[in-house]
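Asker: Coordinates in target-v6.cif, mmCIF, C-alpha atoms, are listed below.
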```cif
data_upload
loop_
_atom_site.group_PDB
_atom_site.id
_atom_site.type_symbol
_atom_site.label_atom_id
_atom_site.label_comp_id
_atom_site.auth_asym_id
_atom_site.auth_seq_id
_atom_site.Cartn_x
_atom_site.Cartn_y
_atom_site.Cartn_z
ATOM 1 C CA MET P 10 16.723 1.179 -26.571
ATOM 2 C CA LEU P 11 12.944 1.205 -26.919
ATOM 3 C CA TYR P 12 11.064 -2.081 -26.903
ATOM 4 C CA GLN P 13 7.438 -2.617 -27.874
ATOM 5 C CA ILE P 14 5.812 -5.543 -26.078
ATOM 6 C CA PRO P 15 2.553 -6.369 -27.899
ATOM 7 C CA GLU P 16 -0.631 -7.794 -26.371
ATOM 8 C CA VAL P 17 0.449 -7.849 -22.748
ATOM 9 C CA ILE P 18 -3.248 -7.662 -21.841
ATOM 10 C CA ASP P 19 -5.998 -9.239 -23.963
ATOM 11 C CA GLN P 20 -9.240 -7.555 -24.970
ATOM 12 C CA GLN P 21 -11.377 -9.175 -22.280
ATOM 13 C CA GLU P 22 -8.958 -8.097 -19.560
ATOM 14 C CA LEU P 23 -8.754 -4.595 -21.033
ATOM 15 C CA ALA P 24 -12.523 -4.243 -20.949
ATOM 16 C CA HIS P 25 -12.532 -5.309 -17.302
ATOM 17 C CA ILE P 26 -9.756 -2.852 -16.389
ATOM 18 C CA ARG P 27 -11.440 0.079 -18.146
ATOM 19 C CA GLU P 28 -14.801 -0.748 -16.573
ATOM 20 C CA GLN P 29 -13.236 -0.777 -13.111
ATOM 21 C CA LEU P 30 -11.252 2.423 -13.642
ATOM 22 C CA ALA P 31 -14.373 4.229 -14.857
ATOM 23 C CA GLN P 32 -15.823 3.928 -11.357
ATOM 24 C CA VAL P 33 -12.952 5.308 -9.265
ATOM 25 C CA ASN P 34 -12.232 8.764 -7.923
ATOM 26 C CA TRP P 35 -8.968 9.960 -9.398
ATOM 27 C CA SER P 36 -6.448 12.103 -7.498
ATOM 28 C CA ASP P 37 -4.259 14.959 -8.692
ATOM 29 C CA GLY P 38 -1.159 13.345 -10.222
ATOM 30 C CA ARG P 39 1.079 16.069 -8.833
ATOM 31 C CA GLY P 40 0.780 14.492 -5.404
ATOM 32 C CA SER P 41 3.380 11.868 -6.341
ATOM 33 C CA ALA P 42 5.691 14.166 -8.323
ATOM 34 C CA GLY P 43 9.034 15.593 -7.289
ATOM 35 C CA TYR P 44 9.904 19.296 -7.188
ATOM 36 C CA LEU P 45 10.832 19.650 -10.866
ATOM 37 C CA SER P 46 8.360 17.201 -12.399
ATOM 38 C CA GLY P 47 5.513 18.599 -10.292
ATOM 39 C CA ALA P 48 5.864 21.895 -12.123
ATOM 40 C CA VAL P 49 5.087 20.239 -15.493
ATOM 41 C CA LYS P 50 2.730 17.432 -14.426
ATOM 42 C CA ASN P 51 -0.994 17.850 -15.022
ATOM 43 C CA ASN P 52 -2.827 14.549 -14.946
ATOM 44 C CA GLU P 53 -4.850 12.316 -12.661
ATOM 45 C CA GLN P 54 -3.587 9.261 -10.850
ATOM 46 C CA LEU P 55 -4.953 6.405 -8.803
ATOM 47 C CA PRO P 56 -3.434 6.594 -5.283
ATOM 48 C CA ASP P 57 -0.639 4.092 -4.676
ATOM 49 C CA ASP P 58 -2.586 2.346 -1.902
ATOM 50 C CA HIS P 59 -5.941 2.181 -3.701
ATOM 51 C CA PRO P 60 -7.391 -1.379 -3.409
ATOM 52 C CA LEU P 61 -8.405 -1.474 -7.069
ATOM 53 C CA GLY P 62 -4.965 -0.304 -8.131
ATOM 54 C CA ARG P 63 -3.377 -3.135 -6.173
ATOM 55 C CA GLN P 64 -5.758 -5.670 -7.678
ATOM 56 C CA LEU P 65 -5.120 -4.528 -11.246
ATOM 57 C CA SER P 66 -1.372 -4.324 -10.584
ATOM 58 C CA GLU P 67 -1.336 -7.981 -9.583
ATOM 59 C CA LEU P 68 -3.112 -8.875 -12.821
ATOM 60 C CA ILE P 69 -0.510 -7.031 -14.905
ATOM 61 C CA LEU P 70 2.408 -8.528 -12.970
ATOM 62 C CA ARG P 71 1.016 -12.033 -13.559
ATOM 63 C CA LYS P 72 0.788 -11.337 -17.285
ATOM 64 C CA LEU P 73 4.340 -9.986 -17.396
ATOM 65 C CA ASP P 74 5.627 -13.062 -15.598
ATOM 66 C CA GLN P 75 4.260 -15.141 -18.473
ATOM 67 C CA ASN P 76 5.630 -12.885 -21.239
ATOM 68 C CA PRO P 77 8.959 -14.138 -22.660
ATOM 69 C CA LEU P 78 9.552 -11.007 -24.769
ATOM 70 C CA PHE P 79 9.299 -8.794 -21.692
ATOM 71 C CA THR P 80 11.681 -11.061 -19.788
ATOM 72 C CA SER P 81 14.174 -11.047 -22.653
ATOM 73 C CA ALA P 82 14.117 -7.260 -22.997
ATOM 74 C CA ALA P 83 14.007 -6.256 -19.330
ATOM 75 C CA LEU P 84 15.817 -9.104 -17.534
ATOM 76 C CA PRO P 85 13.817 -8.048 -14.470
ATOM 77 C CA LYS P 86 15.238 -8.251 -10.982
ATOM 78 C CA LYS P 87 12.582 -6.138 -9.243
ATOM 79 C CA ILE P 88 9.361 -4.619 -10.576
ATOM 80 C CA LEU P 89 7.514 -1.818 -8.858
ATOM 81 C CA PRO P 90 3.775 -2.573 -8.845
ATOM 82 C CA PRO P 91 2.105 -0.762 -11.753
ATOM 83 C CA LEU P 92 0.319 2.521 -11.097
ATOM 84 C CA PHE P 93 -2.487 4.037 -13.159
ATOM 85 C CA ASN P 94 -3.028 7.480 -14.644
ATOM 86 C CA ARG P 95 -5.578 9.336 -16.728
ATOM 87 C CA TYR P 96 -5.266 12.281 -19.126
ATOM 88 C CA CYS P 97 -8.198 14.283 -20.521
ATOM 89 C CA SER P 98 -9.276 17.911 -21.046
ATOM 90 C CA ALA P 99 -5.874 19.074 -22.375
ATOM 91 C CA GLN P 100 -3.974 17.444 -19.517
ATOM 92 C CA THR P 101 -0.291 16.824 -20.172
ATOM 93 C CA TYR P 102 3.025 15.945 -18.559
ATOM 94 C CA GLY P 103 5.907 18.092 -19.733
ATOM 95 C CA PRO P 104 9.537 17.013 -20.217
ATOM 96 C CA HIS P 105 10.909 15.225 -17.165
ATOM 97 C CA VAL P 106 13.231 12.457 -16.016
ATOM 98 C CA ASP P 107 12.098 9.701 -13.669
ATOM 99 C CA GLY P 108 13.794 9.491 -10.288
ATOM 100 C CA ALA P 109 16.743 7.079 -10.248
ATOM 101 C CA VAL P 110 15.532 5.197 -7.174
ATOM 102 C CA ARG P 111 11.922 4.788 -6.057
ATOM 103 C CA PRO P 112 10.497 3.370 -2.827
ATOM 104 C CA LEU P 113 8.141 0.420 -2.720
ATOM 105 C CA ALA P 114 5.159 1.933 -0.915
ATOM 106 C CA GLY P 115 4.677 0.652 2.617
ATOM 107 C CA THR P 116 8.064 -1.071 2.788
ATOM 108 C CA PRO P 117 11.697 -0.055 3.366
ATOM 109 C CA LEU P 118 12.615 -1.460 -0.069
ATOM 110 C CA ARG P 119 14.004 0.691 -2.887
ATOM 111 C CA VAL P 120 14.077 -0.057 -6.613
ATOM 112 C CA ARG P 121 16.602 1.353 -9.100
ATOM 113 C CA THR P 122 14.660 2.535 -12.154
ATOM 114 C CA ASP P 123 16.727 1.073 -14.988
ATOM 115 C CA LEU P 124 13.652 0.813 -17.206
ATOM 116 C CA SER P 125 10.398 2.728 -17.393
ATOM 117 C CA ALA P 126 7.268 1.090 -18.776
ATOM 118 C CA THR P 127 3.944 2.384 -20.082
ATOM 119 C CA LEU P 128 1.099 -0.043 -20.784
ATOM 120 C CA PHE P 129 -1.578 1.614 -22.928
ATOM 121 C CA LEU P 130 -5.160 0.875 -21.832
ATOM 122 C CA THR P 131 -7.094 3.066 -24.315
ATOM 123 C CA GLU P 132 -7.281 2.526 -28.066
ATOM 124 C CA PRO P 133 -5.363 5.264 -29.937
ATOM 125 C CA GLU P 134 -8.388 6.262 -32.029
ATOM 126 C CA ASP P 135 -10.368 7.009 -28.863
ATOM 127 C CA TYR P 136 -8.306 10.076 -27.977
ATOM 128 C CA GLU P 137 -6.275 12.780 -29.698
ATOM 129 C CA GLY P 138 -2.836 13.800 -28.501
ATOM 130 C CA GLY P 139 -1.416 11.885 -25.564
ATOM 131 C CA GLU P 140 1.712 10.670 -27.346
ATOM 132 C CA LEU P 141 4.511 9.499 -25.079
ATOM 133 C CA CYS P 142 7.545 11.297 -26.532
ATOM 134 C CA ILE P 143 10.870 9.755 -25.535
ATOM 135 C CA GLU P 144 14.274 11.227 -26.263
ATOM 136 C CA ASP P 145 16.958 8.726 -27.238
ATOM 137 C CA THR P 146 20.137 8.742 -29.320
ATOM 138 C CA PHE P 147 18.034 9.149 -32.498
ATOM 139 C CA GLY P 148 16.117 12.167 -31.209
ATOM 140 C CA GLU P 149 12.572 12.389 -29.884
ATOM 141 C CA ARG P 150 10.347 9.437 -30.691
ATOM 142 C CA PRO P 151 6.541 9.651 -30.244
ATOM 143 C CA VAL P 152 4.852 6.478 -29.020
ATOM 144 C CA LYS P 153 1.107 5.838 -29.131
ATOM 145 C CA LEU P 154 0.285 2.140 -29.081
ATOM 146 C CA LYS P 155 -2.903 0.151 -29.292
ATOM 147 C CA ALA P 156 -4.565 -0.847 -26.046
ATOM 148 C CA GLY P 157 -2.821 -3.793 -24.402
ATOM 149 C CA ASP P 158 0.595 -2.980 -25.871
ATOM 150 C CA MET P 159 3.484 -1.742 -23.739
ATOM 151 C CA VAL P 160 6.647 0.241 -24.370
ATOM 152 C CA LEU P 161 9.874 -0.204 -22.391
ATOM 153 C CA TYR P 162 12.511 2.530 -22.418
ATOM 154 C CA PRO P 163 15.542 3.584 -20.373
ATOM 155 C CA GLY P 164 14.628 5.232 -17.087
ATOM 156 C CA SER P 165 17.305 7.830 -17.788
ATOM 157 C CA SER P 166 15.397 9.163 -20.815
ATOM 158 C CA ILE P 167 13.824 12.603 -20.902
ATOM 159 C CA HIS P 168 10.195 12.037 -21.853
ATOM 160 C CA GLN P 169 6.797 13.718 -21.856
ATOM 161 C CA VAL P 170 3.112 13.127 -22.612
ATOM 162 C CA THR P 171 1.586 15.584 -25.068
ATOM 163 C CA PRO P 172 -1.794 17.230 -24.262
ATOM 164 C CA VAL P 173 -4.874 15.058 -24.695
ATOM 165 C CA THR P 174 -7.251 17.289 -26.667
ATOM 166 C CA ARG P 175 -10.098 14.797 -27.177
ATOM 167 C CA GLY P 176 -11.234 11.748 -25.248
ATOM 168 C CA GLU P 177 -9.440 10.049 -22.411
ATOM 169 C CA ARG P 178 -6.059 8.339 -22.195
ATOM 170 C CA LEU P 179 -5.688 5.584 -19.592
ATOM 171 C CA ALA P 180 -2.385 3.850 -18.924
ATOM 172 C CA ALA P 181 -0.487 1.794 -16.389
ATOM 173 C CA PHE P 182 3.071 2.860 -15.692
ATOM 174 C CA PHE P 183 5.867 1.374 -13.629
ATOM 175 C CA TRP P 184 9.600 0.820 -13.288
ATOM 176 C CA ILE P 185 11.937 -2.154 -13.451
ATOM 177 C CA GLU P 186 15.292 -2.783 -11.848
ATOM 178 C CA SER P 187 17.117 -5.042 -14.281
ATOM 179 C CA MET P 188 19.703 -7.701 -13.535
ATOM 180 C CA VAL P 189 21.800 -5.820 -16.107
ATOM 181 C CA ARG P 190 21.735 -2.108 -15.334
ATOM 182 C CA GLN P 191 23.514 -0.851 -18.480
ATOM 183 C CA ASP P 192 21.151 -0.258 -21.398
ATOM 184 C CA SER P 193 23.708 -1.080 -24.119
ATOM 185 C CA ARG P 194 24.472 -4.444 -22.522
ATOM 186 C CA ARG P 195 20.793 -5.307 -22.198
ATOM 187 C CA GLY P 196 20.462 -4.473 -25.885
ATOM 188 C CA ILE P 197 23.257 -6.874 -26.833
ATOM 189 C CA LEU P 198 21.744 -9.652 -24.740
ATOM 190 C CA PHE P 199 18.278 -9.049 -26.188
ATOM 191 C CA GLU P 200 19.550 -9.169 -29.764
ATOM 192 C CA LEU P 201 21.507 -12.338 -29.090
ATOM 193 C CA ASP P 202 18.594 -14.022 -27.319
ATOM 194 C CA GLN P 203 16.084 -13.164 -30.054
ATOM 195 C CA ASN P 204 18.364 -14.542 -32.770
ATOM 196 C CA ILE P 205 19.009 -17.732 -30.813
ATOM 197 C CA GLN P 206 15.259 -18.236 -30.477
ATOM 198 C CA SER P 207 14.735 -17.558 -34.195
ATOM 199 C CA LEU P 208 17.376 -20.108 -35.178
ATOM 200 C CA ALA P 209 15.953 -22.654 -32.737
ATOM 201 C CA ARG P 210 12.501 -22.362 -34.315
ATOM 202 C CA ARG P 211 14.023 -23.293 -37.686
ATOM 203 C CA ASP P 212 16.150 -26.186 -36.435
ATOM 204 C CA ALA P 213 16.646 -26.760 -32.721
ATOM 205 C CA ASN P 214 19.233 -29.484 -33.381
ATOM 206 C CA GLN P 215 21.929 -27.194 -34.723
ATOM 207 C CA PRO P 216 25.048 -27.803 -32.587
ATOM 208 C CA GLU P 217 26.041 -24.136 -32.908
ATOM 209 C CA LEU P 218 22.952 -23.189 -30.929
ATOM 210 C CA VAL P 219 24.410 -24.716 -27.796
ATOM 211 C CA ARG P 220 27.549 -22.613 -28.181
ATOM 212 C CA LEU P 221 25.533 -19.460 -28.874
ATOM 213 C CA ALA P 222 23.400 -20.139 -25.809
ATOM 214 C CA GLY P 223 26.625 -20.539 -23.875
ATOM 215 C CA VAL P 224 27.823 -17.138 -25.079
ATOM 216 C CA TYR P 225 24.512 -15.581 -23.989
ATOM 217 C CA HIS P 226 24.619 -17.070 -20.517
ATOM 218 C CA ASN P 227 28.287 -16.312 -20.032
ATOM 219 C CA LEU P 228 27.646 -12.660 -20.887
ATOM 220 C CA LEU P 229 24.643 -12.594 -18.554
ATOM 221 C CA ARG P 230 26.753 -14.172 -15.825
ATOM 222 C CA GLU P 231 29.476 -11.568 -16.407
ATOM 223 C CA TRP P 232 27.160 -8.541 -16.500
ATOM 224 C CA SER P 233 24.359 -9.433 -14.110
ATOM 225 C CA ASP P 234 23.932 -7.710 -10.785
ATOM 226 C CA THR P 235 21.869 -10.081 -8.638
#
```
What do you get writing this file as structure tokens?

Answerer:
Amino acid sequence: MLYQIPEVIDQQELAHIREQLAQVNWSDGRGSAGYLSGAVKNNEQLPDDHPLGRQLSELILRKLDQNPLFTSAALPKKILPPLFNRYCSAQTYGPHVDGAVRPLAGTPLRVRTDLSATLFLTEPEDYEGGELCIEDTFGERPVKLKAGDMVLYPGSSIHQVTPVTRGERLAAFFWIESMVRQDSRRGILFELDQNIQSLARRDANQPELVRLAGVYHNLLREWSDT
């Protein structure tokens, strides 16, 4: 499933991030790509150990920790610190699949990439092209969100970024290991959780809500890998 998480970052924070990223020296994105993806990757990336990248990553992680929609959709167990990339001058990233397990830089830890995430940092009208095209059971779906919005999608998906033919596309990208590794089960839990919350906003005193919450937590207990 694809999930859109709106307004992860507010406008003031976005302006700060873009101002900071405008002053850095970008590296060739192929330096972090595998054998197959390196052949189709043509973008720029902030090095994993760049001090600014670490600072901005911490900001995004703090915002995600406070975002109930993200928590409901991802059920995060581990989150790789966000990285940052830039596309301009017809740069693109052809069809590829993210690696199933990624290292946490500078540590012996590994993270299973159940979910991939892209947080858009540039307004869609400020560049042409640059759609994130994700293949799912309904075919290929192009995604181009307003700045501050994020898309979550299965790490197993084939996806690509179309050429940016005008302007500049900035984004943060990262991966999540979920407590529930199976996408279909996460989808069931998300749907159940969102409906429970909707019913609670109408009347939190409904006795059936307690039973529905029990169903949710019993399923999470049954399916979680912690």

Asker: Quick one: which residues end up in the PyMOL selection byres ((chain P and resi 119) around 12) for this structure, as a list in words?

Answerer: Lys87, Ile88, Leu89, Gly108, Ala109, Val110, Arg111, Pro112, Leu113, Ala114, Gly115, Thr116, Pro117, Leu118, Val120, Arg121, Thr122, Trp184, Ile185 and Glu186 of chain P

Asker: Write out, as a JSON list (two decimals), keeping the file's coordinate frame, the residues just selected, with C-alpha atoms.

Answerer:
```
[["chain", "number", "residue", "atom", "x", "y", "z"],
["P", 87, "LYS", "CA", 12.58, -6.14, -9.24],
["P", 88, "ILE", "CA", 9.36, -4.62, -10.58],
["P", 89, "LEU", "CA", 7.51, -1.82, -8.86],
["P", 108, "GLY", "CA", 13.79, 9.49, -10.29],
["P", 109, "ALA", "CA", 16.74, 7.08, -10.25],
["P", 110, "VAL", "CA", 15.53, 5.20, -7.17],
["P", 111, "ARG", "CA", 11.92, 4.79, -6.06],
["P", 112, "PRO", "CA", 10.50, 3.37, -2.83],
["P", 113, "LEU", "CA", 8.14, 0.42, -2.72],
["P", 114, "ALA", "CA", 5.16, 1.93, -0.92],
["P", 115, "GLY", "CA", 4.68, 0.65, 2.62],
["P", 116, "THR", "CA", 8.06, -1.07, 2.79],
["P", 117, "PRO", "CA", 11.70, -0.06, 3.37],
["P", 118, "LEU", "CA", 12.62, -1.46, -0.07],
["P", 120, "VAL", "CA", 14.08, -0.06, -6.61],
["P", 121, "ARG", "CA", 16.60, 1.35, -9.10],
["P", 122, "THR", "CA", 14.66, 2.54, -12.15],
["P", 184, "TRP", "CA", 9.60, 0.82, -13.29],
["P", 185, "ILE", "CA", 11.94, -2.15, -13.45],
["P", 186, "GLU", "CA", 15.29, -2.78, -11.85]]
```

Asker: Nearest to Tyr12 of chain P among P:Glu200, P:Glu217, P:Asp107, P:Asp37, with distances taken over only C-alpha atoms: which residue is it?

Answerer: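 Ranking P:Glu200, P:Glu217, P:Asp107, P:Asp37 by distance to Tyr12 of chain P, first place goes to P:Glu200.
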
Asker: Here's the selection I'm unsure about, the PyMOL selection byres ((chain P and resi 73) around 12); applied to the file above, which residues does it give, as a VMD selection string?

Answerer: chain P and resid 14 to 18 66 to 72 74 to 85 88 90 to 91 126 128 157 to 159 185

Asker: Rank P:Gln32, P:Ser166, P:Asn227, P:Ser125 by their smallest atom-to-atom distance to Phe182 of chain P, using only C-alpha atoms, and report the top residue only.

Answerer: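 The answer is P:Ser125, which sits nearest to Phe182 of chain P.
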
Asker: Between P:Pro56, P:Gly176, P:Gly40, P:Gly62, which residue has the minimum interatomic distance to Thr131 of chain P, considering only C-alpha atoms?

Answerer: P:Gly176

Asker: Which one is closest to Gln203 of chain P: P:Tyr44, P:Tyr225, P:Tyr102, P:Phe183? Count all atoms listed in the file.

Answerer: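 Of all the options, P:Tyr225 lies closest to Gln203 of chain P.
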
Asker: Residues within 10 Å of Pro133 of chain P, please, as a list of chain:residue names. Count all atoms listed in the file; anything in the same chain fewer than 4 positions from it doesn't count.

Answerer: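 What passes the distance filter is P:Phe129, P:Glu137, P:Gly138, P:Gly139, P:Glu140, P:Lys153, P:Leu154, P:Lys155, P:Ala156, P:Gly176, P:Glu177, P:Arg178.
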
Asker: Those residues with C-alpha atoms, as an mmCIF file, keeping the file's coordinate frame please?

Answerer:
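Final output, saved to part00.cif:
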```
data_model
loop_
_atom_site.group_PDB
_atom_site.id
_atom_site.type_symbol
_atom_site.label_atom_id
_atom_site.label_comp_id
_atom_site.auth_asym_id
_atom_site.auth_seq_id
_atom_site.Cartn_x
_atom_site.Cartn_y
_atom_site.Cartn_z
ATOM 1 C CA PHE P 129 -1.578 1.614 -22.928
ATOM 2 C CA GLU P 137 -6.275 12.780 -29.698
ATOM 3 C CA GLY P 138 -2.836 13.800 -28.501
ATOM 4 C CA GLY P 139 -1.416 11.885 -25.564
ATOM 5 C CA GLU P 140 1.712 10.670 -27.346
ATOM 6 C CA LYS P 153 1.107 5.838 -29.131
ATOM 7 C CA LEU P 154 0.285 2.140 -29.081
ATOM 8 C CA LYS P 155 -2.903 0.151 -29.292
ATOM 9 C CA ALA P 156 -4.565 -0.847 -26.046
ATOM 10 C CA GLY P 176 -11.234 11.748 -25.248
ATOM 11 C CA GLU P 177 -9.440 10.049 -22.411
ATOM 12 C CA ARG P 178 -6.059 8.339 -22.195
#
```

Asker: List every protein, DNA or RNA residue that has at least one atom no more than 12 Å from (21.6, 7.1, -28.7) in the file's coordinates, counting all atoms listed in the file, and write the result as a list in words.

Answerer: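 Applying the cut-off with all atoms listed in the file, one gets Met10, Leu11, Ile143, Glu144, Asp145, Thr146, Phe147, Gly148, Glu149, Arg150, Tyr162, Pro163, Ser165, Ser166, Asp192, Ser193 and Gly196 of chain P.
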
Asker: I need the residues from that last selection saved to file as a compact mmCIF listing (two decimals), in the frame of the given file (with C-alpha atoms), if you can.

Answerer:
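Everything below was put into out-v7.txt:
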```txt
# COMPACT_ATOMS: atom_id res chain seq x y z
CA MET P 10 16.72 1.18 -26.57
CA LEU P 11 12.94 1.20 -26.92
CA ILE P 143 10.87 9.76 -25.54
CA GLU P 144 14.27 11.23 -26.26
CA ASP P 145 16.96 8.73 -27.24
CA THR P 146 20.14 8.74 -29.32
CA PHE P 147 18.03 9.15 -32.50
CA GLY P 148 16.12 12.17 -31.21
CA GLU P 149 12.57 12.39 -29.88
CA ARG P 150 10.35 9.44 -30.69
CA TYR P 162 12.51 2.53 -22.42
CA PRO P 163 15.54 3.58 -20.37
CA SER P 165 17.30 7.83 -17.79
CA SER P 166 15.40 9.16 -20.82
CA ASP P 192 21.15 -0.26 -21.40
CA SER P 193 23.71 -1.08 -24.12
CA GLY P 196 20.46 -4.47 -25.88
```
